[in-house]
Every structure is written in C-alpha cells, then in structure tokens.
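Enquirer: Pasting model-v3.cif below, which is mmCIF, C-alpha atoms.
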data_start
#
loop_
_atom_site.label_atom_id
_atom_site.label_comp_id
_atom_site.auth_asym_id
_atom_site.auth_seq_id
_atom_site.Cartn_x
_atom_site.Cartn_y
_atom_site.Cartn_z
CA MET A 20 221.23 -168.93 -3.13
CA ALA A 21 224.85 -170.06 -3.41
CA LYS A 22 227.26 -168.53 -0.93
CA ARG A 23 230.18 -166.51 -2.19
CA LYS A 24 233.57 -168.15 -1.74
CA ASP A 25 237.19 -167.11 -1.84
CA SER A 26 239.91 -168.76 -3.96
CA LYS A 27 240.35 -171.44 -1.25
CA LYS A 28 236.66 -172.34 -1.52
CA ARG A 29 235.89 -170.90 1.92
CA ALA A 30 232.34 -169.57 2.24
CA LEU A 31 232.10 -165.86 3.04
CA LYS A 32 229.72 -164.58 5.68
CA LYS A 33 227.28 -161.71 5.32
CA GLY A 34 229.15 -158.44 4.96
CA GLU A 35 232.42 -160.14 3.97
CA GLY A 36 234.00 -159.72 0.56
CA VAL A 37 237.14 -160.37 -1.44
CA ARG A 38 239.33 -157.89 -3.27
CA ARG A 39 241.95 -158.88 -5.83
CA THR A 40 244.74 -156.42 -6.51
CA ASN A 41 247.72 -157.30 -8.74
CA GLY A 42 246.81 -160.96 -8.44
CA LYS A 43 246.76 -160.84 -4.62
CA GLU A 44 243.65 -161.59 -2.61
CA SER A 45 242.56 -159.58 0.43
CA TYR A 46 239.36 -159.43 2.45
CA TYR A 47 236.98 -156.80 3.76
CA TYR A 48 234.01 -156.61 6.08
CA ARG A 49 231.38 -153.89 5.78
CA TRP A 50 228.61 -152.88 8.15
CA SER A 51 226.49 -149.84 9.04
CA ASP A 52 226.38 -148.18 12.45
CA ALA A 53 223.29 -146.92 14.29
CA THR A 54 223.31 -143.69 12.25
CA GLY A 55 223.38 -145.61 8.95
CA LYS A 56 226.98 -144.69 8.20
CA ARG A 57 228.83 -147.49 6.40
CA HIS A 58 232.22 -148.68 7.65
CA TYR A 59 234.86 -151.04 6.26
CA ILE A 60 237.76 -153.00 7.72
CA TYR A 61 240.37 -154.80 5.63
CA SER A 62 242.83 -157.64 6.11
CA ALA A 63 245.04 -159.86 3.99
CA ASN A 64 244.01 -162.82 6.18
CA LEU A 65 240.44 -164.09 6.53
CA ASN A 66 240.96 -165.39 10.07
CA ASP A 67 242.32 -162.02 11.17
CA LEU A 68 239.40 -160.26 9.49
CA ARG A 69 236.94 -162.46 11.38
CA ARG A 70 238.68 -161.77 14.68
CA GLN A 71 238.15 -158.05 14.08
CA GLU A 72 234.63 -158.74 12.81
CA ASN A 73 233.69 -160.60 16.00
CA GLN A 74 234.97 -157.71 18.10
CA ILE A 75 232.87 -155.25 16.08
CA VAL A 76 229.74 -157.41 16.52
CA ARG A 77 230.39 -157.64 20.25
CA ASP A 78 230.90 -153.87 20.49
CA ARG A 79 227.69 -153.17 18.59
CA MET A 80 225.74 -155.42 20.96
CA ASP A 81 227.21 -153.53 23.93
CA ASN A 82 226.58 -150.11 22.31
CA ILE A 83 230.31 -149.40 22.00
CA LYS A 84 230.93 -146.93 19.18
CA TYR A 85 233.32 -147.77 16.36
CA ALA A 86 236.31 -145.45 16.78
CA GLY A 87 237.59 -146.04 13.24
CA ASN A 88 240.46 -143.64 12.49
CA LEU A 89 239.93 -141.75 15.76
CA LYS A 90 243.34 -141.08 17.34
CA LEU A 91 244.32 -140.42 20.93
CA ASN A 92 244.98 -136.82 19.87
CA ASP A 93 241.38 -136.51 18.66
CA VAL A 94 240.11 -137.55 22.08
CA TYR A 95 242.54 -135.06 23.64
CA TYR A 96 240.90 -132.23 21.69
CA MET A 97 237.48 -133.46 22.87
CA TRP A 98 238.76 -133.40 26.44
CA VAL A 99 240.09 -129.84 26.03
CA LYS A 100 236.61 -128.71 24.97
CA VAL A 101 234.63 -130.38 27.74
CA ARG A 102 237.04 -130.37 30.68
CA ARG A 103 235.52 -129.09 33.92
CA GLY A 104 236.56 -128.85 37.55
CA LEU A 105 240.21 -127.98 36.93
CA LYS A 106 241.91 -124.76 37.92
CA GLU A 107 243.22 -122.81 34.95
CA ILE A 108 246.85 -123.19 36.02
CA THR A 109 246.37 -126.97 36.47
CA PHE A 110 244.68 -127.28 33.09
CA SER A 111 247.47 -125.29 31.37
CA GLY A 112 250.02 -127.61 32.96
CA TYR A 113 248.15 -130.67 31.68
CA GLN A 114 248.01 -129.20 28.17
CA TYR A 115 251.74 -128.47 28.17
CA THR A 116 252.51 -131.98 29.43
CA TYR A 117 250.41 -133.69 26.77
CA GLU A 118 251.49 -131.54 23.84
CA ASN A 119 255.16 -131.69 24.80
CA TYR A 120 255.45 -135.43 25.49
CA VAL A 121 252.46 -137.29 24.03
CA TYR A 122 251.10 -135.44 20.99
CA ALA A 123 253.81 -136.34 18.44
CA THR A 124 254.31 -139.90 19.72
CA LEU A 125 251.58 -141.96 21.37
CA GLY A 126 248.98 -139.36 20.44
CA GLN A 127 249.27 -140.32 16.77
CA LYS A 128 248.06 -143.87 17.44
CA LYS A 129 244.50 -144.91 16.67
CA LEU A 130 242.37 -145.44 19.75
CA ASN A 131 241.43 -148.97 18.66
CA ASP A 132 245.10 -149.93 18.27
CA LEU A 133 246.16 -148.87 21.76
CA THR A 134 246.91 -151.52 24.39
CA LYS A 135 248.23 -151.40 27.93
CA MET A 136 251.57 -152.62 26.55
CA ASN A 137 251.78 -149.48 24.38
CA PHE A 138 251.54 -147.32 27.47
CA ARG A 139 254.07 -149.40 29.41
CA LEU A 140 256.65 -149.22 26.60
CA PHE A 141 255.98 -145.50 26.18
CA TYR A 142 256.63 -144.80 29.87
CA ILE A 143 259.79 -146.93 29.89
CA LYS A 144 261.10 -145.00 26.89
CA LEU A 145 260.43 -141.68 28.63
CA VAL A 146 262.51 -142.80 31.61
CA GLU A 147 265.33 -144.67 29.86
CA GLU A 148 265.75 -142.66 26.64
CA ASN A 149 264.33 -139.24 27.48
CA ASN A 150 265.81 -139.34 31.01
CA LEU A 151 262.60 -138.14 32.65
CA ASN A 152 262.18 -138.77 36.36
CA ILE A 153 259.30 -140.90 37.54
CA SER A 154 257.33 -137.96 38.97
CA THR A 155 257.23 -136.31 35.53
CA VAL A 156 256.10 -139.57 33.93
CA GLU A 157 253.40 -139.81 36.62
CA ASN A 158 252.08 -136.42 35.52
CA ILE A 159 252.05 -137.56 31.88
CA HIS A 160 250.17 -140.72 32.88
CA LYS A 161 247.65 -138.67 34.86
CA VAL A 162 246.75 -136.60 31.77
CA ILE A 163 246.54 -139.68 29.53
CA HIS A 164 244.31 -141.42 32.07
CA LEU A 165 241.90 -138.46 32.12
CA ILE A 166 241.71 -138.48 28.31
CA ILE A 167 241.09 -142.23 28.11
CA ASP A 168 238.39 -141.80 30.78
CA LEU A 169 236.59 -139.49 28.35
CA ALA A 170 236.86 -142.11 25.58
CA VAL A 171 235.20 -144.61 27.94
CA GLU A 172 232.54 -142.08 28.90
CA GLN A 173 231.79 -141.48 25.20
CA ASP A 174 231.47 -145.26 24.61
CA TYR A 175 234.51 -145.61 22.36
CA LEU A 176 236.14 -148.02 24.83
CA ARG A 177 234.83 -150.46 27.44
CA LYS A 178 237.41 -149.59 30.07
CA ASN A 179 240.39 -147.34 30.68
CA ILE A 180 243.22 -149.33 29.10
CA SER A 181 245.88 -147.10 30.68
CA THR A 182 244.92 -148.10 34.23
CA GLY A 183 247.85 -149.71 36.03
CA ALA A 184 250.25 -149.21 33.10
CA LEU A 185 252.69 -147.24 35.25
CA LYS A 186 252.52 -149.43 38.35
CA GLU A 187 255.48 -151.75 37.69
CA LEU A 188 257.79 -149.02 36.39
CA LYS A 189 256.96 -146.78 39.35
CA ARG A 190 257.67 -149.58 41.81
CA THR A 191 261.01 -150.36 40.11
CA GLU A 192 262.10 -146.72 40.05
CA GLU A 193 261.14 -146.13 43.66
CA CYS A 194 263.14 -149.18 44.76
CA SER A 195 266.24 -148.07 42.84
CA GLU A 196 266.04 -144.39 43.75
CA LYS A 197 267.51 -143.65 47.16
CA LYS A 198 266.60 -140.17 48.38
CA MET A 199 269.11 -138.39 50.58
CA ALA A 200 268.20 -135.54 52.94
CA LEU A 201 270.58 -132.64 53.52
CA THR A 202 272.92 -132.99 56.48
CA LYS A 203 272.98 -130.18 59.05
CA GLU A 204 276.27 -128.94 57.59
CA GLN A 205 274.87 -128.95 54.03
CA GLN A 206 271.73 -127.12 55.13
CA LYS A 207 273.82 -124.48 56.90
CA LEU A 208 275.90 -123.92 53.75
CA PHE A 209 272.73 -123.71 51.67
CA GLU A 210 271.20 -121.08 53.97
CA GLU A 211 274.42 -119.07 53.89
CA CYS A 212 274.36 -119.23 50.09
CA LEU A 213 270.87 -117.72 50.17
CA LEU A 214 272.27 -114.63 51.90
CA ASP A 215 274.22 -113.75 48.76
CA LYS A 216 272.77 -110.74 46.92
CA LYS A 217 272.16 -112.86 43.82
CA ASN A 218 270.14 -115.41 45.78
CA ILE A 219 268.47 -113.34 48.51
CA CYS A 220 265.18 -113.15 46.57
CA TYR A 221 264.86 -116.95 46.79
CA ARG A 222 265.58 -117.06 50.54
CA PRO A 223 261.98 -116.85 51.87
CA ILE A 224 260.57 -119.64 49.70
CA PHE A 225 263.50 -122.00 50.35
CA LEU A 226 263.36 -121.39 54.09
CA VAL A 227 259.65 -122.17 54.05
CA MET A 228 260.36 -125.45 52.29
CA LEU A 229 263.29 -126.32 54.56
CA TYR A 230 261.61 -125.68 57.91
CA ALA A 231 258.06 -126.77 57.07
CA GLY A 232 259.02 -129.75 54.92
CA LEU A 233 256.82 -128.54 52.08
CA ARG A 234 257.03 -129.62 48.46
CA VAL A 235 257.29 -127.03 45.69
CA GLY A 236 253.59 -127.12 44.83
CA GLU A 237 252.59 -126.81 48.49
CA ALA A 238 254.95 -123.92 49.14
CA THR A 239 253.99 -121.94 46.05
CA GLY A 240 250.33 -122.42 46.90
CA LEU A 241 250.66 -120.61 50.26
CA ARG A 242 248.91 -117.25 50.66
CA TRP A 243 249.13 -114.63 53.41
CA CYS A 244 245.46 -115.26 54.19
CA ASP A 245 246.42 -118.83 55.14
CA ILE A 246 248.30 -117.51 58.17
CA ASP A 247 246.70 -116.02 61.30
CA PHE A 248 249.50 -114.24 63.14
CA ASP A 249 247.24 -113.30 66.06
CA LYS A 250 245.41 -116.54 66.82
CA LYS A 251 248.06 -118.85 65.38
CA GLU A 252 245.46 -121.52 64.83
CA LYS A 253 244.31 -121.49 61.21
CA ASN A 254 247.49 -123.08 59.90
CA LEU A 255 250.02 -123.85 62.60
CA ILE A 256 252.71 -125.10 60.21
CA CYS A 257 252.57 -121.89 58.19
CA THR A 258 252.73 -119.73 61.32
CA VAL A 259 255.70 -121.58 62.81
CA CYS A 260 257.46 -121.44 59.47
CA VAL A 261 257.02 -117.67 59.05
CA ILE A 262 258.17 -117.01 62.62
CA LYS A 263 261.31 -119.07 61.92
CA ILE A 264 261.96 -117.04 58.76
CA LYS A 265 261.56 -113.76 60.67
CA LYS A 266 264.20 -114.88 63.16
CA HIS A 267 266.62 -115.28 60.28
#
Now that the file is in, can you turn its structure into structure tokens?
Expert:
Amino acid sequence: MAKRKDSKKRALKKGEGVRRTNGKESYYYRWSDATGKRHYIYSANLNDLRRQENQIVRDRMDNIKYAGNLKLNDVYYMWVKVRRGLKEITFSGYQYTYENYVYATLGQKKLNDLTKMNFRLFYIKLVEENNLNISTVENIHKVIHLIIDLAVEQDYLRKNISTGALKELKRTEECSEKKMALTKEQQKLFEECLLDKKNICYRPIFLVMLYAGLRVGEATGLRWCDIDFDKKEKNLICTVCVIKIKKH
C-alpha cells in the first residue's frame, strides 16, 4: 500500500493528514485516547506537528492525560470543588487572590501551553506594572502552585511547572528592599497617636504587635483562651504582651 505524501513528497505517518485551504497546505494528527474519544492537533509545519505528536505519544505511554483545551481556570474550578484541609477564611482568601489577579490573565491560558517562563513573566509584571509587593505575589504563587499540584495529581502534567518560578524575583526584591524599624522616638509618637479618640480602638492590636513583634496574621489569630493569666505558662509572649498593654 502506497504511503500518503504531502506536496513536498514527504511520506505521512499513521494518523497524520494534510488539509488544503485557499491553496495553503496545513497538517493534522489524529488519535484516540483510552476512552475512545478522538482528538486532533493542527500545524502549518510538519516538523512542528511531529514535535507535538512525539510529546503526545510519550504522554500516552506514561498515562498522562491529554489536556486539550483545558485552561488553568478549569483546573482552578476543579480545585475549588475538591479542596480539603483549609480553614474557611484561608480558602476564601485564596479564592479572592486567584480571581482578582490570575483569572482574567494567566488563568485564560491552556494548561498545555504554560511554561515556567510564563509564570516568571507574570510575576515580574505584577511587581513592576501592578506595583504589588513581593509578599502579595508570594500569596498568588502559593495558590497557583496548589492548583498546578492538582493538575499533576490528575495526570494532566508530569510535574508542577510553577515550582521555583518565583525564586529569582523574590531574591532580587529582598536584596533591593531595605526594611527599617521604628526608632524609639517614632514609636513614642505612634503610641501617642493611638491615644486619640479616632484611633483608640486600634490601640490594643497595635500595642500587641509592637511589644510582641507579631505580624498581622499572628496578632489577629490570638484568642483570650491562648493566655493563662494565672499560670503564665501556656503562652508567655501573649501574657507579657497583655500585661504591657494593661500598664498603658
């Protein structure tokens, strides 16, 4: 049986074909997955088609599913349905982060088209054009990483392609960002400002942060049951901090 050939007399492999539209020649490759569903990929270049074809064959041998038109947003919705082990407030924060920063941009990309470079450029843009600080970008990366982990778990990808994508940018930003602590005079002025009627409601939380050296998340996570005023041994930092506040 004679093999089919293209206009350049190149023999076509099994599953390959040629389309001619308006006098132009393009190529396709068709195959069926484990469920019998037929898929197609197209390219104007035979060499490019075969590069994709080889990747598909390799994936099928390794039981990697063909993602097709599956987008990052589609995997996000999968993750929303199956997520476990997250507190409701943490999960809500992750949803807000993704839908506010990722959904309309990187989320529209097909899973198969994503590369580590896509993530790197995306994070750089968030810092340089959107003026986000590196801690916010870290939170965005954390959500993306969790979503890509699910794609790996569901056999759409071999590995998490977002791993390490933030490393260089984070290192650069940390080197360029010099953090300055309040001087004693500045802290005194700040505490006096908190005595104003308009600000008095914020005084306890800011004093906790000032004297215990707590971050916002740590301070807002404190509960009265974390502090043992009698034994002063369950959480020494909390106890010392509250005593200091009472003195003020």
Enquirer: Which neighbours of Arg49 (chain A) fall inside 7 Å, counting only C-alpha atoms, when residues of the same chain fewer than 4 positions from it are skipped, and could you give them as a list in words?
Expert: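 Returned residues: Gly34, Glu35, Arg57, His58, Tyr59 and Ile60 of chain A.
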Enquirer: Name the closest residue to Tyr85 (chain A) among the candidates A:Val235, A:Leu176, A:Ile246, A:Ile167; distances are taken between atoms, counting only C-alpha atoms.
Expert: A:Leu176
Enquirer: As a list in words, please: the residues near Lys33 (chain A) (cut-off 12 Å, all atoms listed in the file, same-chain neighbours under 5 positions excluded).
Expert: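 That gives Lys22, Arg23, Lys24, Tyr47, Tyr48, Arg49, Trp50, Arg69 and Glu72 of chain A.
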Enquirer: Have a look at CA of Tyr230 (chain A) and CA of Leu201 (chain A) and let me know their distance in Å, one decimal.
Expert: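 Those two atoms sit 12.2 Å apart.
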Enquirer: Quote the spacing between CA of Val37 (chain A) and CA of Gln127 (chain A) in Å to one decimal place.
Expert: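 So the two atoms, CA of Val37 (chain A) and CA of Gln127 (chain A), lie 29.7 Å apart.
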Enquirer: Which residue is closest to Lys144 (chain A)? Choose from A:Ile163, A:Lys106, A:Val227, A:Leu188 and count all atoms listed in the file.
Expert: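 Using all atoms listed in the file, the shortest distance to Lys144 (chain A) belongs to A:Leu188.
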Enquirer: So which residues touch Phe225 (chain A) within 10 Å, counting all atoms listed in the file, skipping near sequence neighbours fewer than 3 positions away, as an NGL selection string?
Expert: :A and (209-210 or 213 or 220-222 or 228-231 or 233 or 235 or 238 or 264)
Enquirer: Find the residue from A:Gly36, A:Val171, A:Tyr117, A:Lys178 that sits nearest to Val156 (chain A); use all atoms listed in the file when measuring.
Expert: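 For Val156 (chain A), the nearest of the given residues is A:Tyr117.
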Enquirer: Box in all listed atoms of region 80-85 of chain A, axis-aligned, with 8 Å more on each side; write out centre and edge lengths in Å to one decimal as lines of an AutoDock Vina configuration file.
Expert:
center_x = 229.5
center_y = -151.2
center_z = 20.1
size_x = 23.6
size_y = 24.5
size_z = 23.6
Enquirer: Smallest atom-to-atom distance to Asn179 (chain A): which of A:Leu133, A:Val146, A:Asp78, A:Ser154, using only C-alpha atoms?
Expert: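 Of all the options, A:Leu133 lies closest to Asn179 (chain A).
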Enquirer: Would you be able to write out as a ChimeraX atom specification which residues have an atom within 10 Å of (249.8, -126.7, 41.8) in the file's coordinates, counting all atoms listed in the file?
Expert: /A:106,108-109,112,235-240
Enquirer: Could you tell me which residues the PyMOL selection byres ((chain A and resi 182-184) around 12) grabs in this file, written as number ranges by chain?
Expert: A: 134-143, 156-157, 159-168, 178-181, 185-190
Enquirer: Could you list, as a list of chain:residue names, every residue within 8 Å of Leu125 (chain A), counting all atoms listed in the file and ignoring same-chain residues fewer than 3 positions away?
Expert: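 What passes the distance filter is A:Leu91, A:Val121, A:Tyr122, A:Lys128, A:Phe141.
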Enquirer: Please determine, counting only C-alpha atoms, which residue among A:Lys56, A:Leu169, A:Glu147, A:Asn66 has the shortest atom-to-atom distance to Val99 (chain A).
Expert: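 Nearest to Val99 (chain A): A:Leu169.
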Enquirer: Find the residues near Ile83 (chain A): any atom within 10 Å, counting all atoms listed in the file, skip ones fewer than 6 places away on the same chain, and give them as a ChimeraX atom specification.
Expert: /A:75-77,171,173-177
Enquirer: What does the structure give for the distance between CA of Asn158 (chain A) and CA of Tyr113 (chain A), in Å to one decimal?
Expert: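 If I compute the distance from CA of Asn158 (chain A) to CA of Tyr113 (chain A), I get 8.0 Å.
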Enquirer: Quick one: which residues end up in the PyMOL selection byres ((chain A and resi 46) around 7) for this structure, as a list in words?
Expert: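 Selected by the PyMOL selection byres ((chain A and resi 46) around 7) here: Gly36, Val37, Arg38, Glu44, Ser45, Tyr47, Tyr61, Ser62, Ala63, Asn64 and Leu65 of chain A.
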Enquirer: Using only C-alpha atoms, pick whichever of A:Asn92, A:Asn41, A:Ser26, A:Gln205 has the shortest atom-to-atom distance to Ala123 (chain A).
Expert: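 Of all the options, A:Asn92 lies closest to Ala123 (chain A).
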